[in-house]
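Asker: Have a peek at start29.txt (compact mmCIF, C-alpha atoms).
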# COMPACT_ATOMS: atom_id res chain seq x y z
CA MET A 1 127.37 -2.02 4.87
CA ARG A 2 124.54 -3.07 7.00
CA ALA A 3 122.49 -5.85 5.59
CA THR A 4 118.83 -5.06 4.92
CA GLN A 5 116.57 -7.12 7.18
CA GLN A 6 113.57 -8.64 5.49
CA THR A 7 110.52 -10.01 7.17
CA SER A 8 108.59 -12.73 5.47
CA LEU A 9 104.84 -13.13 6.09
CA PRO A 10 103.47 -16.62 6.65
CA THR A 11 101.63 -18.11 3.75
CA PRO A 12 97.89 -18.70 4.50
CA ARG A 13 97.12 -22.34 5.05
CA PRO A 14 93.79 -24.03 4.44
CA ALA A 15 91.65 -24.80 7.44
CA PRO A 16 91.71 -28.40 8.48
CA ASP A 17 88.10 -28.98 7.48
CA ALA A 18 88.17 -26.86 4.30
CA PRO A 19 88.14 -28.67 1.00
CA ALA A 20 91.39 -28.84 -0.85
CA GLY A 21 92.13 -25.87 -3.12
CA LEU A 22 89.86 -23.39 -1.13
CA LEU A 23 90.87 -20.77 1.38
CA PRO A 24 88.93 -20.35 4.63
CA THR A 25 86.19 -17.72 4.59
CA GLN A 26 87.55 -14.35 5.59
CA ARG A 27 85.62 -11.49 7.26
CA PRO A 28 84.87 -8.79 4.72
CA ALA A 29 86.88 -5.69 5.01
CA LEU A 30 85.40 -2.29 5.75
CA GLY A 31 83.97 -0.77 2.66
CA ASP A 32 83.10 -4.15 1.22
CA PRO A 33 79.61 -4.00 -0.44
CA ALA A 34 78.71 -7.33 1.15
CA ALA A 35 79.09 -5.96 4.67
CA PRO A 36 75.76 -5.11 6.51
CA PRO A 37 75.34 -1.38 7.19
CA ARG A 38 75.53 -1.10 10.97
CA ALA A 39 74.30 2.49 10.99
CA SER A 40 71.11 1.55 9.09
CA ARG A 41 70.35 -1.23 11.58
CA LEU A 42 70.69 1.17 14.45
CA VAL A 43 68.34 3.65 12.82
CA ARG A 44 65.69 0.97 12.27
CA VAL A 45 65.89 -0.28 15.86
CA THR A 46 65.58 3.26 17.15
CA ALA A 47 62.53 3.93 14.95
CA VAL A 48 60.75 0.75 16.07
CA ALA A 49 61.37 1.63 19.68
CA ALA A 50 59.99 5.13 19.13
CA VAL A 51 56.84 3.77 17.47
CA ALA A 52 56.27 1.29 20.30
CA THR A 53 56.69 4.08 22.83
CA VAL A 54 54.13 6.25 21.02
CA ALA A 55 51.67 3.29 20.76
CA LEU A 56 51.95 2.56 24.47
CA ALA A 57 51.42 6.18 25.30
CA THR A 58 48.37 6.36 23.03
CA ALA A 59 46.86 3.16 24.48
CA GLY A 60 47.42 4.39 27.97
CA GLY A 61 45.69 7.67 27.12
CA TRP A 62 42.72 5.83 25.58
CA ILE A 63 42.34 3.57 28.61
CA ALA A 64 42.47 6.57 30.90
CA GLN A 65 39.87 8.40 28.77
CA ASP A 66 37.58 5.34 28.73
CA ARG A 67 37.76 5.05 32.51
CA ALA A 68 36.99 8.72 32.86
CA GLU A 69 33.97 8.45 30.57
CA ARG A 70 32.64 5.42 32.47
CA ALA A 71 33.06 7.20 35.75
CA GLU A 72 31.22 10.24 34.36
CA ARG A 73 28.32 8.09 33.13
CA ALA A 74 28.08 6.38 36.50
CA ARG A 75 28.08 9.75 38.25
CA VAL A 76 25.30 11.06 35.97
CA ALA A 77 23.24 7.89 36.48
CA ALA A 78 23.62 8.20 40.25
CA GLN A 79 22.54 11.84 40.10
CA GLU A 80 19.49 10.91 38.05
CA ALA A 81 18.58 8.11 40.45
CA ARG A 82 18.86 10.48 43.43
CA ALA A 83 16.78 13.05 41.59
CA ARG A 84 14.04 10.47 40.92
CA VAL A 85 14.08 9.42 44.54
CA ASP A 86 13.79 13.04 45.63
CA VAL A 87 10.82 13.51 43.28
CA VAL A 88 9.08 10.51 44.81
CA LEU A 89 9.72 11.76 48.31
CA ALA A 90 8.56 15.25 47.44
CA ALA A 91 5.35 13.90 45.93
CA GLN A 92 4.69 12.01 49.17
CA ASP A 93 5.59 15.03 51.28
CA VAL A 94 8.35 13.07 53.03
CA PRO A 95 11.44 14.85 54.38
CA VAL A 96 14.46 14.05 52.21
CA ASP A 97 16.89 12.37 54.58
CA THR A 98 19.16 9.34 54.28
CA THR A 99 16.63 6.83 55.58
CA ALA A 100 13.82 8.10 53.37
CA ARG A 101 16.10 8.27 50.35
CA THR A 102 17.22 4.67 50.91
CA ALA A 103 13.63 3.43 51.19
CA ALA A 104 12.53 5.41 48.17
CA GLY A 105 15.51 4.18 46.20
CA THR A 106 14.61 0.58 47.01
CA TRP A 107 11.02 1.23 45.91
CA THR A 108 12.19 2.90 42.70
CA ARG A 109 14.53 0.05 41.78
CA GLU A 110 11.81 -2.53 42.38
CA ARG A 111 9.32 -0.54 40.32
CA ASP A 112 11.80 -0.19 37.45
CA ALA A 113 12.39 -3.95 37.50
CA LEU A 114 8.66 -4.67 37.50
CA VAL A 115 8.06 -2.26 34.60
CA ALA A 116 10.87 -3.88 32.61
CA ALA A 117 9.44 -7.35 33.28
CA LEU A 118 5.97 -6.22 32.22
CA ARG A 119 7.34 -4.71 29.00
CA ASP A 120 8.99 -8.05 28.23
CA ALA A 121 5.66 -9.78 28.85
CA VAL A 122 3.93 -7.33 26.49
CA ARG A 123 6.47 -8.07 23.76
CA ARG A 124 5.95 -11.81 24.19
CA ALA A 125 2.17 -11.36 24.07
CA GLU A 126 2.42 -9.31 20.87
CA ALA A 127 4.56 -12.04 19.32
CA ALA A 128 1.99 -14.67 20.37
CA ALA A 129 -0.84 -12.69 18.77
CA GLU A 130 1.17 -12.28 15.57
CA ALA A 131 1.89 -16.03 15.44
CA ALA A 132 -1.76 -17.08 15.96
CA PRO A 133 -3.84 -15.70 13.06
CA HIS A 134 -6.29 -18.63 13.28
CA ALA A 135 -7.00 -18.45 17.01
CA GLY A 136 -10.37 -16.75 16.48
CA ASP A 137 -11.41 -13.10 16.51
CA ALA A 138 -12.82 -13.21 20.04
CA ARG A 139 -9.62 -14.62 21.58
CA LEU A 140 -7.38 -12.26 19.64
CA THR A 141 -9.51 -9.28 20.63
CA THR A 142 -9.28 -10.25 24.31
CA LEU A 143 -5.50 -10.61 24.04
CA ARG A 144 -5.06 -7.26 22.29
CA GLU A 145 -7.15 -5.53 24.93
CA ALA A 146 -5.00 -7.10 27.68
CA ILE A 147 -1.84 -5.97 25.83
CA ALA A 148 -3.16 -2.40 25.62
CA GLU A 149 -3.95 -2.37 29.36
CA ALA A 150 -0.51 -3.73 30.25
CA ARG A 151 1.24 -1.23 28.00
CA ALA A 152 -0.71 1.63 29.59
CA LEU A 153 0.27 0.34 33.03
CA THR A 154 3.98 0.51 32.15
CA ALA A 155 3.57 4.20 31.26
CA ALA A 156 1.46 5.14 34.30
CA ASP A 157 3.40 7.08 36.94
CA ASP A 158 0.84 6.18 39.61
CA ALA A 159 0.94 2.42 38.94
CA THR A 160 1.33 0.55 42.22
CA LEU A 161 3.80 -2.23 42.82
CA THR A 162 0.89 -4.60 43.44
CA ALA A 163 -0.64 -3.85 40.05
CA LEU A 164 2.72 -4.20 38.30
CA ARG A 165 3.37 -7.55 39.98
CA ALA A 166 -0.03 -8.94 38.99
CA ALA A 167 -0.08 -7.64 35.39
CA PRO A 168 2.12 -10.38 33.78
CA ALA A 169 -0.11 -13.12 35.19
CA VAL A 170 -3.22 -11.32 33.90
CA LEU A 171 -1.61 -11.12 30.47
CA ALA A 172 -0.53 -14.78 30.50
CA GLY A 173 -4.12 -16.12 30.45
CA PRO A 174 -5.14 -14.69 27.04
CA VAL A 175 -1.72 -15.58 25.63
CA GLU A 176 -2.19 -19.21 26.65
CA GLU A 177 -5.70 -19.38 25.16
CA VAL A 178 -4.59 -17.87 21.84
CA THR A 179 -1.55 -20.15 21.62
CA ALA A 180 -3.62 -23.27 22.40
CA ALA A 181 -6.31 -22.32 19.86
CA GLU A 182 -3.72 -21.79 17.13
CA LYS A 183 -2.17 -25.17 17.98
CA ARG A 184 -5.56 -26.88 17.73
CA TRP A 185 -6.18 -25.24 14.36
CA ARG A 186 -2.81 -26.37 13.05
CA VAL A 187 -3.40 -29.95 14.21
CA ALA A 188 -6.85 -30.01 12.57
CA GLU A 189 -5.48 -28.48 9.38
CA GLU A 190 -2.70 -31.03 9.22
CA ARG A 191 -5.23 -33.84 9.75
CA ARG A 192 -7.43 -32.45 6.99
CA ARG A 193 -4.49 -32.27 4.61
CA ALA A 194 -3.46 -35.81 5.50
CA GLU A 195 -6.97 -37.07 4.80
CA ALA A 196 -7.03 -35.22 1.48
CA ARG A 197 -3.68 -36.76 0.54
CA ALA A 198 -4.91 -40.21 1.51
CA GLU A 199 -8.08 -39.77 -0.55
CA ALA A 200 -6.06 -38.58 -3.54
CA GLU A 201 -3.75 -41.57 -3.22
CA ARG A 202 -6.73 -43.92 -2.96
CA ARG A 203 -8.28 -42.51 -6.12
CA ALA A 204 -4.97 -42.68 -7.94
CA ALA A 205 -4.62 -46.34 -6.90
CA GLU A 206 -8.12 -47.09 -8.19
CA LEU A 207 -7.27 -45.53 -11.53
CA ARG A 208 -4.09 -47.58 -11.80
CA ALA A 209 -5.71 -50.89 -10.74
CA PRO A 210 -7.88 -52.83 -13.22
CA SER A 211 -11.53 -52.38 -12.39
CA THR A 212 -13.63 -55.48 -11.62
CA ARG A 213 -16.78 -53.60 -10.72
CA THR A 214 -19.90 -53.64 -12.84
CA VAL A 215 -20.75 -50.12 -13.89
CA ASP A 216 -24.45 -49.39 -14.09
CA PRO A 217 -25.58 -47.65 -17.24
CA PRO A 218 -26.33 -43.97 -16.80
CA SER A 219 -29.86 -43.33 -15.65
CA THR A 220 -32.22 -41.69 -18.11
CA ALA A 221 -34.52 -40.53 -15.33
CA PRO A 222 -34.67 -36.74 -14.87
CA ARG A 223 -32.73 -35.35 -11.94
CA ILE A 224 -34.13 -32.97 -9.36
CA PRO A 225 -32.65 -29.53 -10.11
CA ALA A 226 -31.00 -27.39 -7.47
CA GLY A 227 -33.68 -25.83 -5.26
CA GLY A 228 -36.13 -28.70 -5.79
CA LEU A 229 -37.62 -30.87 -3.04
CA VAL A 230 -37.39 -34.65 -2.69
CA CYS A 231 -40.58 -36.69 -2.25
CA ARG A 232 -39.16 -39.63 -0.29
CA GLY A 233 -40.18 -43.11 -1.37
CA THR A 234 -40.94 -42.07 -4.94
CA GLY A 235 -39.09 -41.97 -8.21
CA GLY A 236 -38.24 -44.42 -10.93
CA SER A 237 -40.34 -45.94 -13.68
CA GLY A 238 -44.10 -46.35 -13.45
CA ALA A 239 -45.28 -42.73 -13.38
CA GLN A 240 -48.71 -42.35 -15.05
CA GLU A 241 -50.91 -39.41 -15.92
CA SER A 242 -53.62 -38.62 -13.40
CA SER A 243 -56.87 -36.68 -13.71
CA ALA A 244 -56.24 -32.98 -14.18
CA SER A 245 -59.96 -32.29 -13.74
CA ALA A 246 -59.89 -33.92 -10.29
CA VAL A 247 -57.15 -31.51 -9.18
CA GLY A 248 -59.08 -28.57 -10.69
CA ALA A 249 -62.30 -29.65 -8.94
CA ALA A 250 -60.51 -29.87 -5.59
CA ILE A 251 -59.11 -26.33 -6.02
CA ASN A 252 -62.56 -24.96 -6.98
CA ALA A 253 -64.08 -26.67 -3.93
CA TYR A 254 -61.49 -24.93 -1.73
CA ARG A 255 -62.23 -21.58 -3.40
CA ALA A 256 -65.95 -22.07 -2.84
CA SER A 257 -65.33 -22.67 0.87
CA ARG A 258 -63.68 -19.23 0.94
CA GLY A 259 -66.53 -17.56 -1.01
CA LEU A 260 -64.46 -17.18 -4.19
CA PRO A 261 -65.74 -17.69 -7.77
CA GLN A 262 -65.04 -20.87 -9.71
CA LEU A 263 -62.25 -21.07 -12.31
CA ALA A 264 -62.30 -22.90 -15.62
CA VAL A 265 -60.14 -26.07 -15.60
CA VAL A 266 -57.99 -26.86 -18.67
CA ARG A 267 -55.71 -29.89 -19.04
CA SER A 268 -52.20 -28.79 -20.08
CA SER A 269 -50.10 -31.37 -21.89
CA THR A 270 -46.99 -29.41 -20.96
CA LEU A 271 -47.84 -29.54 -17.27
CA VAL A 272 -48.79 -33.22 -17.58
CA GLY A 273 -45.31 -33.89 -18.95
CA HIS A 274 -43.77 -31.92 -16.11
CA SER A 275 -45.81 -33.87 -13.56
CA LEU A 276 -44.66 -37.16 -15.07
CA ALA A 277 -41.03 -35.95 -14.95
CA MET A 278 -41.39 -35.02 -11.29
CA GLY A 279 -42.88 -38.41 -10.45
CA THR A 280 -40.08 -40.23 -12.27
CA ALA A 281 -37.39 -38.15 -10.53
CA GLY A 282 -39.06 -38.48 -7.14
CA GLY A 283 -39.20 -34.75 -6.39
CA ILE A 284 -40.83 -31.46 -7.31
CA TRP A 285 -39.53 -28.23 -8.89
CA HIS A 286 -40.93 -25.38 -10.95
CA SER A 287 -40.73 -25.67 -14.72
CA GLY A 288 -41.10 -21.95 -15.35
CA GLY A 289 -44.57 -22.47 -16.85
CA ASP A 290 -46.48 -23.02 -13.61
CA ASN A 291 -47.46 -21.16 -10.47
CA ILE A 292 -47.59 -24.02 -7.98
CA VAL A 293 -46.27 -27.60 -7.91
CA GLY A 294 -46.60 -30.26 -5.24
CA CYS A 295 -46.66 -33.91 -4.24
CA SER A 296 -48.72 -35.74 -1.62
CA GLY A 297 -48.63 -39.29 -0.28
CA SER A 298 -52.20 -39.96 -1.43
CA PRO A 299 -53.53 -40.03 -5.00
CA THR A 300 -56.60 -38.10 -3.81
CA ALA A 301 -56.43 -34.49 -5.05
CA SER A 302 -58.05 -32.96 -1.95
CA TYR A 303 -55.03 -34.01 0.17
CA LEU A 304 -52.70 -32.12 -2.15
CA VAL A 305 -54.95 -29.02 -2.13
CA GLN A 306 -55.06 -29.17 1.68
CA ALA A 307 -51.23 -29.26 1.77
CA TRP A 308 -51.10 -26.24 -0.56
CA SER A 309 -53.50 -24.32 1.67
CA HIS A 310 -51.02 -24.55 4.59
CA SER A 311 -48.37 -22.68 2.58
CA GLY A 312 -48.88 -18.92 2.39
CA SER A 313 -47.56 -18.51 -1.16
CA HIS A 314 -49.44 -21.53 -2.54
CA ASP A 315 -52.66 -20.55 -0.75
CA ALA A 316 -52.44 -17.05 -2.23
CA GLN A 317 -52.22 -18.49 -5.73
CA MET A 318 -55.28 -20.74 -5.24
CA ARG A 319 -57.30 -17.75 -3.91
CA ARG A 320 -56.46 -15.30 -6.68
CA THR A 321 -59.35 -13.18 -7.97
CA ASP A 322 -57.54 -11.68 -10.99
CA VAL A 323 -57.67 -14.90 -13.05
CA GLY A 324 -60.43 -16.96 -14.67
CA THR A 325 -58.68 -20.18 -15.75
CA MET A 326 -56.33 -22.75 -14.28
CA TYR A 327 -54.18 -25.01 -16.45
CA VAL A 328 -53.50 -28.34 -14.72
CA GLY A 329 -51.21 -31.33 -15.15
CA ALA A 330 -51.15 -34.36 -12.82
CA ALA A 331 -49.44 -37.76 -12.49
CA THR A 332 -49.17 -40.60 -9.99
CA GLN A 333 -46.10 -42.63 -9.04
CA SER A 334 -45.75 -45.16 -6.19
CA GLY A 335 -49.16 -44.08 -4.84
CA TRP A 336 -48.16 -40.38 -4.73
CA LEU A 337 -49.87 -37.55 -6.60
CA PHE A 338 -47.71 -35.00 -8.45
CA SER A 339 -49.28 -31.90 -9.93
CA ALA A 340 -48.46 -28.52 -11.51
CA VAL A 341 -50.97 -25.66 -11.94
CA LEU A 342 -50.83 -22.35 -13.84
CA PHE A 343 -53.42 -19.63 -13.07
CA ARG A 344 -54.40 -17.14 -15.81
Show this structure as structure tokens.

Answerer:
Amino acid sequence: MRATQQTSLPTPRPAPDAPAGLLPTQRPALGDPAAPPRASRLVRVTAVAAVATVALATAGGWIAQDRAERAERARVAAQEARARVDVVLAAQDVPVDTTARTAAGTWTRERDALVAALRDAVRRAEAAAEAAPHAGDARLTTLREAIAEARALTAADDATLTALRAAPAVLAGPVEEVTAAEKRWRVAEERRRAEARAEAERRAAELRAPSTRTVDPPSTAPRIPAGGLVCRGTGGSGAQESSASAVGAAINAYRASRGLPQLAVVRSSTLVGHSLAMGTAGGIWHSGGDNIVGCSGSPTASYLVQAWSHSGSHDAQMRRTDVGTMYVGAATQSGWLFSAVLFR
């Protein structure tokens, strides 16, 4: 009988660098769940490549479309420019040829540039007027008129190149004046505010510091009301009653010189008191119970009557013919005569 041959397989041996008791890592067999799916990786790579191809195609189409649109806009702009040139030439009755079109095109481009520059100057001028509310009505009116003229020039088809070139300089003058005036106002306003702050600080410092000044007692002398007149060199104590009859006699003498009848003269204690108050205050004002008041630098009544006669309203009172009596008060102070008269 033939002996059965047996083949023995070698026993796996640890790798030289593997730790004792562990087998070397083996490649997973097909069907092992830990093995990466090769088919899925291939599908993903193919999909990414397809997407990239579509994106490149789309970008290329967009670039081509953008170039086409730009070219179309340039073509339309060129057609419009040629049309404008032809209009200019036709208006000037010039044959439309290459030389004329070139010259007209140069003129049109220069005019467009000048109009654009003038519009920029108008915008700057409007901003200057808006920023200068304190420049003064006259300056602002001049600037606004210049702006209106410049704006009309930009819209005028018959505006010459010479006029368009000169217009910004014409507009610059009013702009400069308005700007300078506003600057002066701001400087003055800042100075005024600084002075007000300094004055407020000075007063606050005086209130904080102990006062060493001697304060005069409040004056008991009457004050001249608003609307009254000051008789310079008078005022203070020493006012004394003067002769009311002397003032009445002087008025009657003036009336007689004008052919007018005499009036009765009555001393009024109220008007005497008012005359003394005026002498003490050093001025004159109406008390509400008199027709005329006055002061003169001489105690003689005729000088005061003469002064009254040079005033239309006072003279009319002294020459009244609808009254029969005058009530008089008089006082002297510092050599001056003060008097108040009521006609009834």

Asker: When distances are computed from all atoms listed in the file, which of A:Leu140, A:Ala226, A:Leu271, A:Leu260 shows the smallest separation from A:Ala181?

Answerer: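 Closest residue, counting all atoms listed in the file: A:Leu140.
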
Asker: Of the candidates A:Gly248, A:Gly233, A:Pro299, A:Gly312, which one gets nearest to A:Ala281 if we count only C-alpha atoms?

Answerer: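 Closest to A:Ala281, using only C-alpha atoms: A:Gly233.
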
Asker: Enumerate, as an NGL selection string, the protein, DNA and RNA residues whose atoms approach (-3.8, -8.9, 32.1) to within 9 Å, taking into account all atoms listed in the file and the coordinate frame of the file.

Answerer: :A and (143 or 145-147 or 149-150 or 166-174)

Asker: Next, dump the selected residues to file, keeping only C-alpha atoms, as a PDB file, in the coordinates of the input.

Answerer:
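again35.pdb written:
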ATOM      1  CA  LEU A 143      -5.500 -10.610  24.040  1.00  0.00           C
ATOM      2  CA  GLU A 145      -7.150  -5.530  24.930  1.00  0.00           C
ATOM      3  CA  ALA A 146      -5.000  -7.100  27.680  1.00  0.00           C
ATOM      4  CA  ILE A 147      -1.840  -5.970  25.830  1.00  0.00           C
ATOM      5  CA  GLU A 149      -3.950  -2.370  29.360  1.00  0.00           C
ATOM      6  CA  ALA A 150      -0.510  -3.730  30.250  1.00  0.00           C
ATOM      7  CA  ALA A 166      -0.030  -8.940  38.990  1.00  0.00           C
ATOM      8  CA  ALA A 167      -0.080  -7.640  35.390  1.00  0.00           C
ATOM      9  CA  PRO A 168       2.120 -10.380  33.780  1.00  0.00           C
ATOM     10  CA  ALA A 169      -0.110 -13.120  35.190  1.00  0.00           C
ATOM     11  CA  VAL A 170      -3.220 -11.320  33.900  1.00  0.00           C
ATOM     12  CA  LEU A 171      -1.610 -11.120  30.470  1.00  0.00           C
ATOM     13  CA  ALA A 172      -0.530 -14.780  30.500  1.00  0.00           C
ATOM     14  CA  GLY A 173      -4.120 -16.120  30.450  1.00  0.00           C
ATOM     15  CA  PRO A 174      -5.140 -14.690  27.040  1.00  0.00           C
TER      16      PRO A 174
END

Asker: Near stretch 325-339 of chain A, within 7 Å and counting all atoms listed in the file, which residues show up once chain neighbours fewer than 6 positions away are dropped, as a ChimeraX atom specification?

Answerer: /A:234,238-244,248,263-269,271-272,275-276,278-279,293-299

Asker: If you measure from atom CA of A:Ala155 to atom CA of A:Ala128, what distance in Å do you get, rounded to one decimal?

Answerer: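 A separation of 21.8 Å between them.
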
Asker: Please report the interatomic distance between atom CA of A:Ala340 and atom CA of A:Thr321 in Å with one decimal.

Answerer: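 For atom CA of A:Ala340 relative to atom CA of A:Thr321, the distance reads 19.1 Å.
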
Asker: In Å, how far is it from atom CA of A:Val341 to atom CA of A:Gly259?

Answerer: 20.7 Å

Asker: Within 12 Å of (9.9, -5.1, 31.9), in the coordinates the file gives, what residues turn up when you count only C-alpha atoms, written out as a ChimeraX atom specification?

Answerer: /A:110-124,150-151,153-155,164-165,167-168

Asker: What does the file look like for those residues with C-alpha atoms, as a short mmCIF file (atom, residue, chain, number, x, y, z; two decimals), in the coordinates of the input?

Answerer:
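result24.cif, written as the output of this step:
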data_model
loop_
_atom_site.label_atom_id
_atom_site.label_comp_id
_atom_site.auth_asym_id
_atom_site.auth_seq_id
_atom_site.Cartn_x
_atom_site.Cartn_y
_atom_site.Cartn_z
CA GLU A 110 11.81 -2.53 42.38
CA ARG A 111 9.32 -0.54 40.32
CA ASP A 112 11.80 -0.19 37.45
CA ALA A 113 12.39 -3.95 37.50
CA LEU A 114 8.66 -4.67 37.50
CA VAL A 115 8.06 -2.26 34.60
CA ALA A 116 10.87 -3.88 32.61
CA ALA A 117 9.44 -7.35 33.28
CA LEU A 118 5.97 -6.22 32.22
CA ARG A 119 7.34 -4.71 29.00
CA ASP A 120 8.99 -8.05 28.23
CA ALA A 121 5.66 -9.78 28.85
CA VAL A 122 3.93 -7.33 26.49
CA ARG A 123 6.47 -8.07 23.76
CA ARG A 124 5.95 -11.81 24.19
CA ALA A 150 -0.51 -3.73 30.25
CA ARG A 151 1.24 -1.23 28.00
CA LEU A 153 0.27 0.34 33.03
CA THR A 154 3.98 0.51 32.15
CA ALA A 155 3.57 4.20 31.26
CA LEU A 164 2.72 -4.20 38.30
CA ARG A 165 3.37 -7.55 39.98
CA ALA A 167 -0.08 -7.64 35.39
CA PRO A 168 2.12 -10.38 33.78
#

Asker: Let me have the centre and edge lengths in Å, one decimal, of the box along x, y and z around every listed atom of stretch 260-275 of chain A with 5 Å of margin on each side, as lines of an AutoDock Vina configuration file.

Answerer:
center_x = -54.8
center_y = -25.5
center_z = -13.0
size_x = 32.0
size_y = 26.7
size_z = 27.7

Asker: Within 8 Å of A:Trp285, counting all atoms listed in the file, which residues qualify if same-chain residues fewer than 6 places away don't, as a ChimeraX atom specification?

Answerer: /A:224-225,227-229,278,293
